[in-house]
Structures are given as structure tokens and as C-alpha cells.
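Enquirer: Dropping a structure here in C-alpha cells format, bear with me for questions.
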Amino acid sequence: MRIFHVLLMTVLLLFAPAMARAQGAFGGGAPHIAAELTAESAVPRPGEGQASGTTIAFSMTPEPGWHGYWENPGDAGLGMTVKWTLPKGVAIGPLRYPVPETLLISGLMNHVYEGPYGVLAKLTVAPDVPKGTKLPIRVRADWLACTDKVCVPEGAELALDLMAGDGSVLPGSRAQFDGWRSHLPRPLGSEAAYAMADGRLRLSIPFPAAASARDVHLFALADGLIRYAAPQSVTRQGDRLLIETEAGQGMKSGPVQAVLRTGDHVGFLLTARPGAVAAVRPATFQTVLLALVGALVGGLLLNIMPCVFPILGLKAMKLARAGGDEHVVRREALAYSLGIILTCLALGGLLLGLRAAGAAVGWAFQLQDPRIILLLLLLVTAITLNLAGLFELSAFGGGDRLADKGGASGAFWTGALVAFVATPCTGPFMGAAMGAALVLPLGAALAIFAGLGLGLALPFLALAYIPPLRTRLPRPGAWMGRLQKILAIPMALTALGLLWLLGQQRGVMAIMLGVAAALILGAGLWWLGRRQRHGRRGGLAMICAALILFAGAAILLPAHAPAAAASAHGVPFDEARLASLRAAKKPVFLYFTADWCLTCKANEAAAIDREETRAAFKRAGVTVMVGDWTNADPAITRFLEGQGRSGVPLYLWYAPGREAQTLPQLLTPATLTALVP
């Protein structure tokens, strides 16, 4: 079957030009991939080099169910071929393709685009071309349009009429081309290493552990490096990504280039050279045992954290009220523990699934979502008001219902809530244990998450199954009410911590929204408490109202945090502000960085974020400006291209009244302090 597909594709490719000409000549219907040639500026400026010339694009729009191909199409397919007809003084650079998608059909791997995409190129105009000169651009483009069952060679004669001018760009064109540029692979900056042995390729790629990577896939730019359809195993080891797959055939030793996909149409262009690549070492029994013990101890110590201890204290008071009914006590203890352990397993399983998909997340990953922070804030607020005596909630207090038929169910959900609420807290030993769980096999990793839950539930289990411990508990009395109100204090502090975290993620407006939601919830719980004191119900209505309150507040949360005026390292990059500082003859140190750039982070730690550097810059009145290219900011992309760079790091020094001085890519404190008198 594979041979048949390859032969069929070969025949199609051989006859593609003739079929495309016939289609154009006889008007054989609209193409399945519509193509348009467009320019970012209709008036390109003469004399600009490849770094800052006008960008042009083939805007490609496949019909639903059809797809086009990347420059290396994979096992089958055909990238776009072009033949330019250009006026004198005009040159066009190589085509630049966006990060592709994978499509496996009948065992053949295709590198494709299933939605609209843009193929870019740089257009430059010679300096001796007078402004006002008409620049007719003509091109014959041919491509292959396919579904999962049929392929059709297509092509078009495309035209673009420009005029030499000042290089101005309309806002709409800028936004459109910025969108296309954001999907181009970014240069990784650091070289990778690869090794081949026994028909397998192992590739080691420098990539910081904190940088996000999901849906990882390696696209080779040339044949022979890998077998395209073979599965790719991806492992993160510290600041490196290790990819192992089946090697291709016929590749010569030497440097190779590839595109590493790390997200939806997001990726990096990398160069790899032959070198030593360490194999992934399997975990030993001792490693798993140490991590399991660490998780158990970490979970045990988590009970004294402010977000957990108050609930544990209430559960202990319930046991004190329960007396000697061992069956009821142990049943509730088991249900409580089961709720904790299953919640820890669910959170751990979700964490491992996200990590397997390439996301750079760790324990308490859910706290990265401000909606979860808001939910926790409302839950902790409710628990705080319950402890303060504003209303009754039998799952947390009110031991009079311990022996009820629903006692075990209430204990289970109390345990689940304890595990969920515990995520904002981090106890000793947890860091190492959770870190180990992320690199261990699935079974061992889940055992560690279960161990964390068991440690969290252990004090309550001990009180339930060791009667002498329970007899040492103080006898029920008025002190319980006072203690319950005291326990409201650490829960209130936890709520304040969550409110601060919400503000860190979404700004002051989110804090105001969180305070408003907590106050409204508090008013509702006060109403519920009044009804309870008069023997009336209202719990179900309050739950529905709380859910509506949470949903409304979550919708109203700001989509993004407002940009800070300055960071700990410097002011955010702004081209207008840079021009203003230079016009005022102020010294400026401008550097471009990204979370995934190891060289950038090394320079920041070794030279930029040093006390002697900060002191020297402060003494000389230097403005430090930071361009964070982690998410491929279009403004930064344009600025880098204008400097003749396609990636980071880039370090620029603007002395008063002078043009930029490009600094070396490896910095020392002496390099930076020597810039100022």
C-alpha cells in the first residue's frame, strides 16, 4: 500500500506543471487552495537590505477538508514552487514557511496546513531605483492541494503592482503580516546535538525547563534525518528536550536543520551537530522509595499549613464529640482519606497528562488559571465565615451529624476539598518529591501523588484507628467554639493570599472583583445563618446563588493583566519610548530575551542582574529596556529584523547622541560597567 501511494504521488508530481497549465488555460474551476500575492507595504523604500525590506506573502486559503504542504512535505506531497518575473532593481529572498501540522494518512506522514496560512518572503529595492518608479511583480506559483483521498496539482499566475516610495505600512496590513510572522519558526539560538545508533536518532535540544512546550514534534528540513511516520518520544531533562525516534536512511554526517514545534503553529528553527547525547536513565527502586517517603512526609507536614490546619482541627473536634463509636469514626476517617487521595491522584494524573502533551507545568498548575484562584477564594471565604460562626456547614463542623447516614459522604467531599484547598500551600519535602514524580514512570508517579494524599490524611486516620490518641483529645466543651473562631484567622490569611495572587495574574481590577464577590458571598452566607438560627433551610438556594456568583465573576475577570510600567530588570521595550530617550540624549541599554533562550538567561544571571552592573547604570542614569520575545511579540520581531537579526539574544548600547552599539552575545559585568564613565 505504501509503495502504491509513493508511485501515485510521483506521477502526480511529474505531471503537476502540465496539469496546472491546462487548468489555468481552460478555466477548470476554482482552485481548492485559493492564492493571493500581497505586500505589507505598497511603496517599498529603495536601499533597504534583506533585514528591513518589504515583506510579501502568498496568502493561501484551503477549502474545508483540503490541505497544502510545508517546504519538506514529508512522505508524500509537494511544497510550493515559484518562478519570479521581476523589474530591474528588485530582488526577492527565499520563501519562509510557518510551522506546519502533522497528518498521518495510510501510514504516510504529511507535513501540512489545514487552514489559512501565509508563505512569506523579503522584497528589496536597489538604492538607485527612483521613488515613484512602478514595480510590477509577477510570479508563476505551483502547489499541490490534497484531501485524505485525492490530490490535485494547482497553480496560478499572480501579480502585484508596487511603487518605490517611503516604505509606509497601513495598520491593517501590519496586523495581517504580524499574524503571519507569529507563526514562523524562531531561531533557537543554541545548537542542539544528535547521535545515531542501531537505527535510532537521539536529539538533545537546549530548552529551559520553565519554558512552555506542548504537542512537541520534530520536522526535518532535509530527507534522511528521521523516518517521518515513526513515533517520536519526547522527554524533558532539566534544561534540555530529548527526542528519540527512528533514524532515516542515507543521511550524511554533519550539521542538520529542523523545526521543533512547541505549540499551535509555534516552533523554533534549530541546527544540530553530531555529538554525545545521554540516554534517559530509568528510575531505580531507591529513587522511587525516596520520592514516596518525601511525598508522605510532605503531605503530613502540609497539615500544619494555614490552608489545611483549621479543617483538620475541626475534624479532630468531631472525633472528640463522637465518643466511642468505633465503626462510625473509622468509616468517616476512611471516607475522608479516600476523598483526599483520589483528589491528589486526579490532580496528579491531569498534571502528568499535560506534561506528556508538552506543557511546562508543575504541582499546583491549576493556580495558573485565575478562574481557579477565584473559585478557591470564594471557597476559603466560605470556610472562614463558617469557622467564625456566621453559618453552619455540617461537612466542616457541627459534629451532631457525624453519625448521620450521610456522614461518610460528607467526609469524602470534605477530604476532596482539603486536597484542593491545600494546593496554594507548599510544605517541606514536597518540592523534591513532586519534581521526582514528573520524571518517573507513570505507575511510580501516581504512587507518589497517592503518597502525598495519604500523608495529608494520616493524622485523621491515626486518631480514628488508635483509640488512645483519641482519648487524649480534650473533652467537648465551650472551648471548641472559641477554638473554631481562632481557626478562622489562618483561613482568612489564606484568602488574602489568594486575593494577592489573583491581582498578580490579572491586576487591580481583578482584586476589586474578588473583594466584591467575597463580600456578596459573605452577605448571602449571613442571610443563610439567620435562617438556620430560626430553624429554616436555605442551603440549596445559597449553593445555586454562589455558583451564579462565581460564573458571573469569572466572566468579568480581565482577560490580561495590564502591562507593568517597569519590571525588576527594566522598562518594557517600546520603540516610541526608545526614540524619545535617544532624542533627549539619555543613555539606554536595550536587550532582547526569551524564557526559552538559555544564553539569554545565563547572561542575565552572570552580568545583567548583578549588583555592580545595576550600581554603575544607576550612577550614569542609564535606562535599561527589556524586550521579552518569549511569545514572539510582533513589534519585537520587526525591530529584530530591522537590526539584521532573526533571533535573541541581542544587546544594544545607545550612548547619548550616538547610534546603537551591538554588544557581544556573551556578557560579563566588566563588559557592561565599561560602557559608562
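Residues are named by chain letter and number: chains run A, B, ... in the order of the C-alpha cells, numbers start at 1 in each chain, and ligands are numbered from 1 in the order shown.
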Please list as an MDAnalysis selection string every residue within 9 Å of Ala258 in chain A, counting only C-alpha atoms and excluding residues in the same chain fewer than 4 positions away.
Expert: chainID A and resid 218:222 268:272
Enquirer: Looking only at strand (DSSP E) from DSSP on the backbone, list the matching residues of range 121-306 of chain A as number ranges by chain.
Expert: A: 121-125, 134-146, 151-163, 186-187, 192-197, 200-206, 217-220, 233-237, 240-246, 256-263, 266-274
Enquirer: Using DSSP on the backbone, list every residue of range 218-354 of chain A that comes out as alpha helix (DSSP H), and give them as a ChimeraX atom specification.
Expert: /A:285-301,309-322,326-354
Enquirer: If you count only C-alpha atoms, which residues fall within 8 Å of range 67-74 of chain A, apart from same-chain ones fewer than 5 positions away, as a list in words?
Expert: Ile33, Pro62, Gly79, Met80, Tyr97, Pro98, Pro100, Leu108, Met109, Asn110, His111, Val112, Tyr113, Glu114, Gly115, Trp143, Leu144, Ala145, Cys146, Thr147, Ala220, Leu221, Ala222 and Tyr228 of chain A
Enquirer: How about saving the chosen residues, N, CA, C and O atoms kept, as a CSV table (one decimal), in the first residue's frame?
Expert:
chain,number,residue,atom,x,y,z
A,33,ILE,N,-7.2,25.4,-3.2
A,33,ILE,CA,-6.5,26.3,-2.3
A,33,ILE,C,-6.3,27.7,-3.1
A,33,ILE,O,-5.6,27.8,-4.1
A,62,PRO,N,-7.0,27.1,2.0
A,62,PRO,CA,-7.6,25.9,1.6
A,62,PRO,C,-9.1,25.8,1.8
A,62,PRO,O,-9.6,26.4,2.8
A,79,GLY,N,5.8,20.8,-1.8
A,79,GLY,CA,5.8,22.2,-1.4
A,79,GLY,C,5.6,23.1,-2.6
A,79,GLY,O,5.5,22.7,-3.7
A,80,MET,N,5.4,24.4,-2.3
A,80,MET,CA,5.1,25.4,-3.4
A,80,MET,C,6.4,25.7,-4.2
A,80,MET,O,7.5,25.8,-3.6
A,97,TYR,N,8.3,29.5,5.5
A,97,TYR,CA,7.1,28.8,5.7
A,97,TYR,C,6.7,28.9,7.2
A,97,TYR,O,7.6,28.8,8.1
A,98,PRO,N,5.4,28.9,7.6
A,98,PRO,CA,5.1,28.8,9.0
A,98,PRO,C,5.2,27.4,9.5
A,98,PRO,O,5.5,26.4,8.7
A,100,PRO,N,4.4,23.8,10.5
A,100,PRO,CA,3.3,23.0,9.9
A,100,PRO,C,2.6,22.2,10.9
A,100,PRO,O,2.9,22.1,12.1
A,108,LEU,N,1.5,7.1,6.0
A,108,LEU,CA,2.4,8.2,5.4
A,108,LEU,C,2.2,9.5,6.2
A,108,LEU,O,1.1,9.9,6.4
A,109,MET,N,3.3,10.0,6.7
A,109,MET,CA,3.3,11.3,7.4
A,109,MET,C,3.4,12.4,6.5
A,109,MET,O,4.3,12.5,5.7
A,110,ASN,N,2.4,13.3,6.6
A,110,ASN,CA,2.4,14.5,5.8
A,110,ASN,C,2.6,15.8,6.6
A,110,ASN,O,2.0,15.9,7.7
A,111,HIS,N,3.4,16.7,6.2
A,111,HIS,CA,3.6,18.0,6.9
A,111,HIS,C,2.7,19.0,6.1
A,111,HIS,O,3.1,19.4,5.0
A,112,VAL,N,1.7,19.5,6.8
A,112,VAL,CA,0.6,20.2,6.0
A,112,VAL,C,0.1,21.4,6.7
A,112,VAL,O,0.5,21.7,7.9
A,113,TYR,N,-0.8,22.1,6.0
A,113,TYR,CA,-1.6,23.2,6.6
A,113,TYR,C,-3.0,23.0,6.2
A,113,TYR,O,-3.4,22.9,5.0
A,114,GLU,N,-3.9,22.8,7.2
A,114,GLU,CA,-5.3,22.5,7.0
A,114,GLU,C,-6.2,23.7,7.1
A,114,GLU,O,-7.4,23.6,7.0
A,115,GLY,N,-5.6,24.9,7.4
A,115,GLY,CA,-6.3,26.1,7.5
A,115,GLY,C,-5.6,27.2,6.7
A,115,GLY,O,-4.5,27.0,6.2
A,143,TRP,N,1.5,24.5,-6.7
A,143,TRP,CA,1.4,23.8,-5.4
A,143,TRP,C,0.5,22.6,-5.6
A,143,TRP,O,-0.2,22.4,-6.6
A,144,LEU,N,0.4,21.8,-4.5
A,144,LEU,CA,-0.4,20.6,-4.5
A,144,LEU,C,-1.5,20.7,-3.5
A,144,LEU,O,-1.2,21.1,-2.3
A,145,ALA,N,-2.8,20.5,-3.9
A,145,ALA,CA,-3.9,20.5,-3.0
A,145,ALA,C,-4.4,19.1,-2.8
A,145,ALA,O,-4.7,18.4,-3.8
A,146,CYS,N,-4.6,18.7,-1.5
A,146,CYS,CA,-5.0,17.3,-1.2
A,146,CYS,C,-6.1,17.2,-0.2
A,146,CYS,O,-6.2,18.1,0.7
A,147,THR,N,-6.8,16.1,-0.2
A,147,THR,CA,-7.6,15.7,0.9
A,147,THR,C,-7.0,14.4,1.4
A,147,THR,O,-5.9,14.0,0.9
A,220,ALA,N,12.1,17.6,10.1
A,220,ALA,CA,13.4,17.7,9.5
A,220,ALA,C,13.2,18.5,8.2
A,220,ALA,O,12.3,18.3,7.4
A,221,LEU,N,14.2,19.4,8.0
A,221,LEU,CA,14.2,20.2,6.8
A,221,LEU,C,14.7,19.4,5.6
A,221,LEU,O,14.4,19.8,4.4
A,222,ALA,N,15.5,18.4,5.8
A,222,ALA,CA,16.1,17.6,4.7
A,222,ALA,C,15.8,16.1,4.9
A,222,ALA,O,15.6,15.7,6.0
A,228,TYR,N,9.8,9.8,8.8
A,228,TYR,CA,8.7,10.8,9.1
A,228,TYR,C,7.6,10.2,9.9
A,228,TYR,O,7.1,10.8,10.9
Enquirer: Check the smallest atom-to-atom distance from each of A:Val82, A:Met542, A:Val329, A:Leu104 to Glu157 in chain A using only C-alpha atoms, then report the winner.
Expert: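 Going through A:Val82, A:Met542, A:Val329, A:Leu104 one by one, the smallest distance to Glu157 in chain A is for A:Val82.
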Enquirer: Quick one: everything within 6 Å of Tyr336 in chain A, counting only C-alpha atoms, minus sequence neighbours fewer than 3 positions away in the same chain. Send it as a ChimeraX atom specification.
Expert: /A:333,339,411-412,415
Enquirer: For those residues, write all heavy atoms to a file as an mmCIF file, in the first residue's frame.
Expert:
data_model
loop_
_atom_site.group_PDB
_atom_site.id
_atom_site.type_symbol
_atom_site.label_atom_id
_atom_site.label_comp_id
_atom_site.auth_asym_id
_atom_site.auth_seq_id
_atom_site.Cartn_x
_atom_site.Cartn_y
_atom_site.Cartn_z
ATOM 1 N N ALA A 333 -13.341 8.306 58.795
ATOM 2 C CA ALA A 333 -11.917 8.514 58.538
ATOM 3 C C ALA A 333 -11.521 7.950 57.178
ATOM 4 O O ALA A 333 -10.750 8.566 56.431
ATOM 5 C CB ALA A 333 -11.080 7.871 59.642
ATOM 6 N N GLY A 339 -11.329 10.630 49.914
ATOM 7 C CA GLY A 339 -11.543 11.876 49.190
ATOM 8 C C GLY A 339 -10.240 12.609 48.913
ATOM 9 O O GLY A 339 -10.018 13.130 47.814
ATOM 10 N N ALA A 411 -17.848 13.388 54.697
ATOM 11 C CA ALA A 411 -16.419 13.264 54.980
ATOM 12 C C ALA A 411 -15.612 13.128 53.694
ATOM 13 O O ALA A 411 -14.511 13.680 53.577
ATOM 14 C CB ALA A 411 -16.172 12.062 55.883
ATOM 15 N N PHE A 412 -16.150 12.374 52.725
ATOM 16 C CA PHE A 412 -15.441 12.203 51.445
ATOM 17 C C PHE A 412 -15.241 13.548 50.765
ATOM 18 O O PHE A 412 -14.134 13.888 50.333
ATOM 19 C CB PHE A 412 -16.224 11.262 50.538
ATOM 20 C CG PHE A 412 -15.639 11.131 49.157
ATOM 21 C CD1 PHE A 412 -14.648 10.199 48.897
ATOM 22 C CD2 PHE A 412 -16.065 11.953 48.114
ATOM 23 C CE1 PHE A 412 -14.098 10.075 47.621
ATOM 24 C CE2 PHE A 412 -15.525 11.846 46.850
ATOM 25 C CZ PHE A 412 -14.539 10.899 46.607
ATOM 26 N N GLY A 415 -12.742 15.705 52.470
ATOM 27 C CA GLY A 415 -11.382 15.325 52.099
ATOM 28 C C GLY A 415 -10.990 15.833 50.729
ATOM 29 O O GLY A 415 -9.868 16.318 50.528
#
